Every structure is written in C-alpha cells, then in structure tokens.
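K.L.:
Structure file model_11.txt, compact mmCIF, C-alpha atoms, is pasted below:
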# COMPACT_ATOMS: atom_id res chain seq x y z
CA MET A 114 104.37 106.36 84.00
CA ILE A 115 101.83 107.24 86.69
CA ALA A 116 98.20 106.35 86.00
CA LEU A 117 95.02 107.31 87.81
CA THR A 118 91.64 105.63 87.57
CA GLY A 119 88.48 107.73 87.74
CA ALA A 120 90.47 110.65 86.36
CA SER A 121 87.37 112.54 85.23
CA GLY A 122 86.00 112.65 88.79
CA GLN A 123 86.54 115.39 91.34
CA LEU A 124 89.32 113.64 93.28
CA GLY A 125 91.00 112.35 90.12
CA ARG A 126 91.19 115.76 88.51
CA LEU A 127 92.59 117.32 91.66
CA ALA A 128 95.21 114.57 91.95
CA ILE A 129 96.27 115.13 88.34
CA ASP A 130 96.56 118.87 89.01
CA ALA A 131 98.78 118.10 92.00
CA LEU A 132 100.97 115.73 89.98
CA LEU A 133 101.36 118.22 87.16
CA ARG A 134 103.22 120.57 89.50
CA THR A 135 106.23 118.24 89.47
CA VAL A 136 105.60 115.47 86.90
CA PRO A 137 105.71 116.05 83.13
CA ALA A 138 102.26 115.70 81.60
CA GLN A 139 103.36 113.00 79.16
CA HIS A 140 104.25 110.79 82.14
CA ILE A 141 100.70 110.92 83.54
CA VAL A 142 97.93 108.61 82.30
CA ALA A 143 94.29 109.56 82.89
CA LEU A 144 92.16 106.41 82.90
CA VAL A 145 88.50 107.22 82.23
CA ARG A 146 85.31 105.55 81.06
CA THR A 147 84.55 108.42 78.66
CA PRO A 148 87.66 110.07 77.17
CA ALA A 149 85.61 112.95 75.76
CA LYS A 150 85.13 114.21 79.31
CA VAL A 151 88.84 114.89 79.77
CA GLN A 152 89.83 116.50 76.51
CA ASP A 153 91.09 119.44 78.54
CA LEU A 154 93.62 117.09 80.17
CA ALA A 155 94.68 115.76 76.77
CA ALA A 156 95.18 119.35 75.62
CA ARG A 157 97.59 119.82 78.54
CA GLY A 158 99.63 116.81 77.37
CA VAL A 159 98.24 114.17 79.73
CA VAL A 160 97.91 110.71 78.17
CA VAL A 161 94.23 109.70 78.08
CA ARG A 162 93.19 106.03 77.92
CA GLN A 163 89.76 104.46 78.02
CA ALA A 164 89.07 102.02 80.86
CA ASP A 165 85.83 101.03 82.56
CA TYR A 166 85.84 99.59 86.09
CA ALA A 167 83.12 97.15 85.06
CA ASP A 168 84.84 95.94 81.88
CA PRO A 169 87.86 93.71 82.60
CA ALA A 170 88.77 93.40 78.93
CA GLY A 171 90.22 96.87 78.52
CA TRP A 172 92.50 97.10 81.51
CA ASP A 173 95.55 95.26 80.13
CA ALA A 174 95.95 97.82 77.35
CA ALA A 175 95.10 100.71 79.68
CA LEU A 176 97.92 99.81 82.08
CA GLN A 177 100.60 99.16 79.50
CA GLY A 178 103.83 100.84 80.59
CA VAL A 179 102.39 101.99 83.94
CA GLN A 180 104.75 101.75 86.93
CA ARG A 181 102.58 103.47 89.56
CA LEU A 182 98.81 103.40 89.74
CA LEU A 183 96.28 105.30 91.84
CA LEU A 184 93.14 103.20 92.16
CA ILE A 185 90.45 105.68 93.16
CA SER A 186 87.61 103.63 94.59
CA SER A 187 84.57 103.24 92.37
CA SER A 188 81.50 105.31 93.20
CA GLU A 189 79.14 102.41 92.50
CA VAL A 190 78.41 101.15 96.01
CA GLY A 191 77.57 97.46 95.98
CA GLN A 192 79.65 96.81 92.86
CA ARG A 193 82.99 98.12 94.03
CA VAL A 194 84.73 94.86 94.97
CA ALA A 195 84.19 93.21 91.59
CA GLN A 196 85.18 96.40 89.79
CA HIS A 197 88.30 96.87 91.88
CA ARG A 198 89.24 93.24 91.28
CA ASN A 199 89.30 93.94 87.53
CA VAL A 200 91.86 96.70 88.05
CA ILE A 201 93.97 94.81 90.60
CA ASP A 202 94.17 91.69 88.41
CA ALA A 203 95.29 93.77 85.44
CA ALA A 204 97.83 95.61 87.59
CA ARG A 205 99.34 92.26 88.59
CA ARG A 206 99.56 91.16 84.95
CA ALA A 207 101.08 94.50 83.94
CA GLY A 208 103.76 94.33 86.63
CA VAL A 209 102.69 97.60 88.24
CA GLU A 210 105.37 98.49 90.78
CA LEU A 211 103.06 100.30 93.24
CA LEU A 212 99.28 100.51 93.50
CA ALA A 213 97.87 103.20 95.81
CA TYR A 214 94.25 102.59 96.81
CA THR A 215 91.87 105.17 98.25
CA SER A 216 90.27 103.28 101.11
CA VAL A 217 88.41 104.75 104.10
CA LEU A 218 89.60 105.89 107.51
CA HIS A 219 90.33 102.95 109.85
CA ALA A 220 88.82 100.57 107.30
CA ASP A 221 89.86 97.49 109.27
CA THR A 222 87.83 98.49 112.35
CA SER A 223 85.37 101.09 111.05
CA ALA A 224 81.66 100.92 111.90
CA LEU A 225 80.85 102.63 108.59
CA GLU A 226 78.76 100.44 106.34
CA LEU A 227 80.78 101.92 103.49
CA ALA A 228 83.93 100.40 104.98
CA ARG A 229 82.88 96.85 104.13
CA GLU A 230 83.76 97.06 100.43
CA HIS A 231 87.00 98.84 101.28
CA ARG A 232 87.98 96.03 103.66
CA ASP A 233 87.22 93.50 100.94
CA THR A 234 89.31 95.45 98.43
CA GLU A 235 92.20 95.67 100.88
CA ALA A 236 91.98 91.87 101.24
CA LEU A 237 92.12 91.52 97.45
CA LEU A 238 95.25 93.65 97.38
CA ARG A 239 96.96 91.56 100.05
CA ALA A 240 96.15 88.38 98.16
CA SER A 241 97.21 89.76 94.78
CA GLY A 242 100.89 90.17 95.50
CA VAL A 243 100.83 93.63 93.89
CA PRO A 244 102.98 96.05 95.93
CA HIS A 245 100.49 98.51 97.36
CA VAL A 246 99.91 101.37 99.77
CA LEU A 247 96.62 102.22 101.44
CA LEU A 248 95.34 105.78 101.52
CA ARG A 249 92.63 105.51 104.14
CA ASN A 250 90.85 108.76 103.50
CA GLY A 251 88.63 110.37 106.09
CA TRP A 252 85.53 112.35 105.20
CA TYR A 253 85.66 115.19 102.71
CA THR A 254 84.51 118.42 104.34
CA GLU A 255 82.56 118.95 101.14
CA ASN A 256 80.36 115.97 102.07
CA TYR A 257 78.74 118.00 104.82
CA LEU A 258 78.95 121.37 103.10
CA ALA A 259 76.84 120.06 100.24
CA GLY A 260 73.90 120.49 102.62
CA VAL A 261 74.54 124.17 103.39
CA GLY A 262 72.00 125.40 100.86
CA ALA A 263 69.26 123.25 102.37
CA ALA A 264 70.28 124.33 105.88
CA LEU A 265 69.96 127.98 104.92
CA GLN A 266 66.64 127.35 103.21
CA HIS A 267 65.09 125.45 106.12
CA GLY A 268 66.88 127.23 108.95
CA VAL A 269 68.34 124.07 110.45
CA LEU A 270 71.23 121.63 109.88
CA ALA A 271 70.05 118.07 110.45
CA GLY A 272 72.02 114.89 111.02
CA SER A 273 72.53 111.85 113.24
CA ALA A 274 76.14 112.34 114.35
CA GLY A 275 75.36 113.38 117.92
CA GLU A 276 78.51 114.61 119.68
CA GLY A 277 80.81 112.64 117.41
CA ARG A 278 83.87 114.58 116.30
CA ILE A 279 84.57 114.67 112.58
CA ALA A 280 88.15 115.22 111.43
CA SER A 281 87.38 115.96 107.81
CA ALA A 282 89.62 117.64 105.25
CA ALA A 283 89.21 119.22 101.86
CA ARG A 284 89.07 116.94 98.85
CA ALA A 285 92.10 118.80 97.49
CA ASP A 286 94.08 117.86 100.61
CA TYR A 287 93.48 114.15 99.97
CA ALA A 288 94.35 114.62 96.29
CA GLU A 289 97.68 116.23 97.22
CA ALA A 290 98.39 113.35 99.59
CA ALA A 291 97.76 110.82 96.82
CA ALA A 292 100.10 112.70 94.49
CA ALA A 293 102.76 112.85 97.20
CA VAL A 294 102.58 109.10 97.81
CA LEU A 295 102.75 108.35 94.08
CA ARG A 296 105.99 110.35 93.88
CA ALA A 297 107.54 109.11 97.12
CA PRO A 298 109.94 106.14 97.45
CA GLU A 299 109.39 103.06 99.62
CA GLN A 300 105.62 103.26 99.97
CA ALA A 301 104.75 99.58 99.48
CA GLY A 302 103.20 98.09 102.59
CA LYS A 303 102.37 101.41 104.23
CA VAL A 304 98.95 102.39 105.58
CA HIS A 305 98.19 106.10 105.79
CA GLU A 306 95.27 107.06 108.07
CA LEU A 307 94.33 110.45 106.62
CA ALA A 308 92.17 113.07 108.32
CA GLY A 309 92.01 116.79 108.99
CA ASP A 310 94.11 118.55 111.60
CA SER A 311 91.07 119.76 113.54
CA ALA A 312 87.73 118.14 114.28
CA TYR A 313 84.22 119.41 114.90
CA THR A 314 80.77 118.22 115.87
CA LEU A 315 77.85 118.98 113.60
CA ALA A 316 76.63 121.43 116.23
CA GLU A 317 79.93 123.29 115.86
CA LEU A 318 79.59 123.17 112.09
CA ALA A 319 76.08 124.65 112.41
CA ALA A 320 77.48 127.41 114.62
CA GLU A 321 80.09 128.24 111.98
CA ILE A 322 77.42 128.29 109.27
CA SER A 323 75.36 130.58 111.52
CA ARG A 324 78.28 133.00 111.93
CA ALA A 325 78.86 133.15 108.20
CA ALA A 326 75.15 133.52 107.43
CA GLY A 327 74.54 136.14 110.09
CA ARG A 328 71.56 134.25 111.53
CA ALA A 329 70.98 131.23 113.72
CA ILE A 330 71.11 127.85 111.97
CA PRO A 331 70.86 125.31 114.81
CA TYR A 332 71.84 121.66 114.58
CA ARG A 333 69.02 119.14 114.97
CA ASP A 334 70.15 115.65 115.90
CA LEU A 335 67.81 112.93 114.70
CA PRO A 336 67.62 109.16 115.17
CA GLU A 337 69.24 107.36 112.24
CA ALA A 338 65.94 106.09 110.81
CA ASP A 339 64.32 109.53 111.04
CA TYR A 340 67.27 111.17 109.33
CA ALA A 341 67.15 108.60 106.53
CA ARG A 342 63.44 109.32 106.03
CA MET A 343 64.14 113.04 105.96
CA LEU A 344 66.80 112.54 103.26
CA GLU A 345 64.39 110.41 101.24
CA GLY A 346 61.81 113.16 101.55
CA ALA A 347 64.37 115.57 100.14
CA GLY A 348 64.62 113.38 97.03
CA LEU A 349 67.55 111.08 97.73
CA PRO A 350 67.21 107.42 96.67
CA PRO A 351 66.37 105.25 99.69
CA ALA A 352 69.59 103.22 99.54
CA PHE A 353 71.76 106.35 99.39
CA ALA A 354 69.76 108.03 102.16
CA ALA A 355 70.30 104.96 104.35
CA ILE A 356 74.06 105.04 103.72
CA LEU A 357 74.32 108.71 104.65
CA ALA A 358 72.28 108.24 107.81
CA GLN A 359 74.32 105.19 108.85
CA SER A 360 77.54 107.13 108.22
CA ASP A 361 76.34 109.85 110.57
CA ALA A 362 75.38 107.28 113.20
CA ALA A 363 78.84 105.74 112.93
CA ALA A 364 80.38 109.20 113.22
CA ALA A 365 78.60 109.56 116.54
CA GLN A 366 80.75 106.61 117.70
CA GLY A 367 83.99 108.14 116.43
CA ALA A 368 84.21 106.56 112.97
CA LEU A 369 85.19 109.84 111.29
CA PHE A 370 87.82 110.96 113.80
CA ASP A 371 91.58 110.55 113.73
CA GLY A 372 94.08 112.84 115.44
CA GLY A 373 97.31 111.40 114.06
CA GLY A 374 98.14 114.25 111.69
CA GLN A 375 99.36 111.97 108.89
CA LEU A 376 97.59 113.95 106.17
CA SER A 377 99.25 117.27 106.96
CA ARG A 378 102.64 115.57 107.19
CA LEU A 379 102.18 114.01 103.75
CA ILE A 380 101.20 117.27 102.08
CA GLY A 381 103.73 119.37 103.99
CA ARG A 382 101.22 121.93 105.24
CA PRO A 383 98.21 122.18 107.56
CA THR A 384 94.99 120.77 106.17
CA THR A 385 92.45 123.25 104.82
CA PRO A 386 90.51 124.80 107.75
CA TRP A 387 86.93 123.55 107.78
CA GLN A 388 85.78 126.91 109.10
CA ALA A 389 86.99 128.69 105.98
CA GLN A 390 85.33 126.09 103.77
CA ALA A 391 82.06 126.51 105.66
CA ALA A 392 82.15 130.28 105.19
CA ASP A 393 82.87 129.84 101.47
CA ALA A 394 79.95 127.41 101.18
CA VAL A 395 77.58 129.89 102.80
CA ARG A 396 78.69 132.65 100.44
CA ALA A 397 78.30 130.34 97.42
CA ALA A 398 74.81 129.25 98.53
CA ALA A 399 73.73 132.84 99.10
CA ALA A 400 75.03 133.85 95.68
CA GLY A 401 73.49 130.88 93.92
Any chance you could give the structure as structure tokens?
P.N.:
Amino acid sequence: MIALTGASGQLGRLAIDALLRTVPAQHIVALVRTPAKVQDLAARGVVVRQADYADPAGWDAALQGVQRLLLISSSEVGQRVAQHRNVIDAARRAGVELLAYTSVLHADTSALELAREHRDTEALLRASGVPHVLLRNGWYTENYLAGVGAALQHGVLAGSAGEGRIASAARADYAEAAAAVLRAPEQAGKVHELAGDSAYTLAELAAEISRAAGRAIPYRDLPEADYARMLEGAGLPPAFAAILAQSDAAAAQGALFDGGGQLSRLIGRPTTPWQAQAADAVRAAAAG
C-alpha cells in the first residue's frame, strides 16, 4: 500500500489524484488529522486513517501494511522536526520499504530560514535506517500568485527578491513528481532537486501580471525588514511575515533557482508555464 501524510492538504490531495490515475484506490492510504475532511476520498475508495503529526501514539496503527510512504512536511514551522520524527520512527517500526520526504530545494546549502528544519529532518532520515528518497521541492508558483489580488488593488507588486531568478512550478507539478517517485523502482538514496523549467524575476512576474491586467503593475523591491513590516501591516502574523521576507531575500541570492530540469523529467512533460498561471490568477482576482 502507498500512504500519504497531510492528505487533506493541497499537495496531498493533488498527489492522491495523480496516484489514482494508475493505482487502485484501495491501495492508497490517506493519512489525516481529521478524517471528516476527506470523506470525498473515502467515497472514491481510498483508505482513510487518522494520524496526527504531533501525536506519536497513533502512527503505528496508521502505517500498518504500508510499503511506501509520502511524508509531506508539516505546515507548523518550528514544530516540524519533532513531528516528522514521530512519523519516521513509526515508519522504521512498520518496516516501510520507501519513505519519500518533501524537503526544500538545495536543502543542504540553502540560505532559506525554512531550510533549517528540512535539513534536520533529512538528518533524522539518514540516522533512522529507513530507505528514503528526498523530493527537494522548489517554490510553488502559487506562493507568489497569492499576492496578485493585493497587487491589483494597490497597483504594485512588492517583494525583496531583487534580481534573483525564481524557478518555481505549479503545486500540481510537484504532486505528480511525488506520485511518480512512489511508483518508480530503485528510488532509495536518491535526491531529486525539483524546480520549474523556466525562471523569472519578480519584475518579470509583475510585467506578466501587467500584461494580463491591461495596466501597469510595477515591481517595488524593498529591504527585507521593510517588506516584513509591510506584510505585517497587511495582517500577517509577525513570525510568518518575517519568514516570507527572509525567503525573498534568500531568493535574491539564488536560493529559489535550479536549472537542472529534474522535475520535468520525472513527470514526463514540461512544467506548467508560470506565465499562464499568472494570467489565470489575474482573471480569478478580477472575477472575485
């Protein structure tokens, strides 16, 4: 059986959809904190089991009979390592044959503050003895497109990424890659650095948004601290605002770029064009 943690989340649901194209539903296990949120998956024949990253007690039963496991990293920054340890320890006890972990691009050398917990989790995996493969995901294009509505409202796209090139890809692309790795043979020990086929600066993203909107939406590059304050002013919690601003600052130094093309090779097609996603985001914001 193939199991996925965080199956009620955006990436988890997309990965299950990708698996269902070739894997019988009864061979897929959706591991979720709240089973009621995935009754639609149960209705499609997917096995649903309750499991909470923060509760080590339930993982042994949740992983019973599981041969391959996708550990989608927890969204609770600051608590991830302990939560991931709960899953990894249970995977070892269950004899999981392959654990695929969604890490971050170039985790071993990345300047992203977010990379720290991923590096620690990768170390846990190496020490565990569980056969594993690392899916070092780059940025989701959706991360930046979430700000399109605000950019249209205020007439400017702000950030701290300078001239850094961002090789992002659609969330669905990364989900397809995870499904491909879970189905593929001889993955233990591999490290996949996953990023989009083409890269852009935030100024280029602003230009694409401008074309789709039919009016000028310039990019305004801010110092990291100023950008964090701006995000706080928009209502984001200070800690989250600081993480986003630091991620942009790291992107300015190349932290979100990779030109290796591993993602498109895994999924057997080009990654989703960011330009098309930007145009779709503008249309959605205008309609909403």
K.L.:
Go through A:Ile201, A:Glu210, A:Arg342, A:Arg193 one by one, measure the shortest atom-to-atom distance of each to Arg229 in chain A using only C-alpha atoms, and give the residue with the smallest value.
P.N.:
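Of A:Ile201, A:Glu210, A:Arg342, A:Arg193, the one nearest Arg229 in chain A is A:Arg193, counting only C-alpha atoms.
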K.L.:
Around (89.3, 102.2, 82.0), as given in the file, which residues come within 9 Å? Count all atoms listed in the file and list them as a list in words.
P.N.:
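Residues found, by chain and rising number: Thr118, Gly119, Ala143, Leu144, Val145, Arg146, Thr147, Arg162, Gln163, Ala164, Asp165, Tyr166, Ala167, Asp168, Pro169, Gly171, Trp172, Ala175, Leu176 and Val200 of chain A.
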K.L.:
Please determine, counting all atoms listed in the file, which residue among A:Thr135, A:Asn199, A:Ser223, A:Gln152 has the shortest atom-to-atom distance to Ser187 in chain A.
P.N.:
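Going through A:Thr135, A:Asn199, A:Ser223, A:Gln152 one by one, the smallest distance to Ser187 in chain A is for A:Asn199.
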K.L.:
Using all atoms listed in the file, find all polymer residues with an atom at most 7 Å away from the point (80.6, 110.9, 121.5); report them as an MDAnalysis selection string.
P.N.:
chainID A and resid 275:277 365:367
K.L.:
Those residues you just picked out, can you put them in a file as a PDB file, keeping the file's coordinate frame with C-alpha atoms?
P.N.:
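Result written to part39.pdb:
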ATOM      1  CA  GLY A 275      75.360 113.380 117.920  1.00  0.00           C
ATOM      2  CA  GLU A 276      78.510 114.610 119.680  1.00  0.00           C
ATOM      3  CA  GLY A 277      80.810 112.640 117.410  1.00  0.00           C
ATOM      4  CA  ALA A 365      78.600 109.560 116.540  1.00  0.00           C
ATOM      5  CA  GLN A 366      80.750 106.610 117.700  1.00  0.00           C
ATOM      6  CA  GLY A 367      83.990 108.140 116.430  1.00  0.00           C
TER       7      GLY A 367
END
K.L.:
Could you state the separation of CA of Leu238 in chain A and CA of Leu127 in chain A in Å, given to one decimal place?
P.N.:
24.5 Å
K.L.:
Would you mind reading off the distance between CA of Ala128 in chain A and CA of Asn250 in chain A, one decimal, in Å?
P.N.:
13.6 Å
K.L.:
Between CA of Ala358 in chain A and CA of Asp334 in chain A, what is the spacing in Å?
P.N.:
11.2 Å
K.L.:
Write out as a list of chain:residue names which residues come within 8 Å of Glu255 in chain A when counting all atoms listed in the file, dropping same-chain ones fewer than 2 positions away.
P.N.:
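After dropping sequence-adjacent residues, the list is A:Tyr253, A:Tyr257, A:Leu258, A:Ala259, A:Ala283, A:Arg284.
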K.L.:
Compile the contact shell of range 261-270 of chain A as a ChimeraX atom specification: residues with an atom at most 10 Å away, counting all atoms listed in the file, same-chain residues fewer than 5 positions apart removed.
P.N.:
/A:255,315-316,318-320,322-323,326,328-334,347,391-392,394-399,401
K.L.:
Nearest to Pro386 in chain A among A:Ala120, A:Leu132, A:Ala312, A:Ile115, with distances taken over only C-alpha atoms: which residue is it?
P.N.:
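Distance minimum relative to Pro386 in chain A lands on A:Ala312.
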K.L.:
Nearest to Gly374 in chain A among A:Ala155, A:Ala174, A:Leu307, A:Val217, with distances taken over all atoms listed in the file: which residue is it?
P.N.:
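Closest to Gly374 in chain A of all the choices is A:Leu307.
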K.L.:
Could you tell me which of A:Ala325, A:Asp339, A:Ala290, A:Arg206 comes closest to Arg378 in chain A if we count all atoms listed in the file?
P.N.:
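The closest residue to Arg378 in chain A is A:Ala290.
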K.L.:
Got a sec: who's within 6 Å of Leu212 in chain A, counting all atoms listed in the file, leaving out chain neighbours fewer than 3 positions off, as a ChimeraX atom specification?
P.N.:
/A:181-183,245
K.L.:
My list of candidates is A:Gln196, A:Ser281, A:Ser186, A:Ser216. Which is closest to Ser311 in chain A when distances are computed with all atoms listed in the file?
P.N.:
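Of A:Gln196, A:Ser281, A:Ser186, A:Ser216, the one nearest Ser311 in chain A is A:Ser281, counting all atoms listed in the file.
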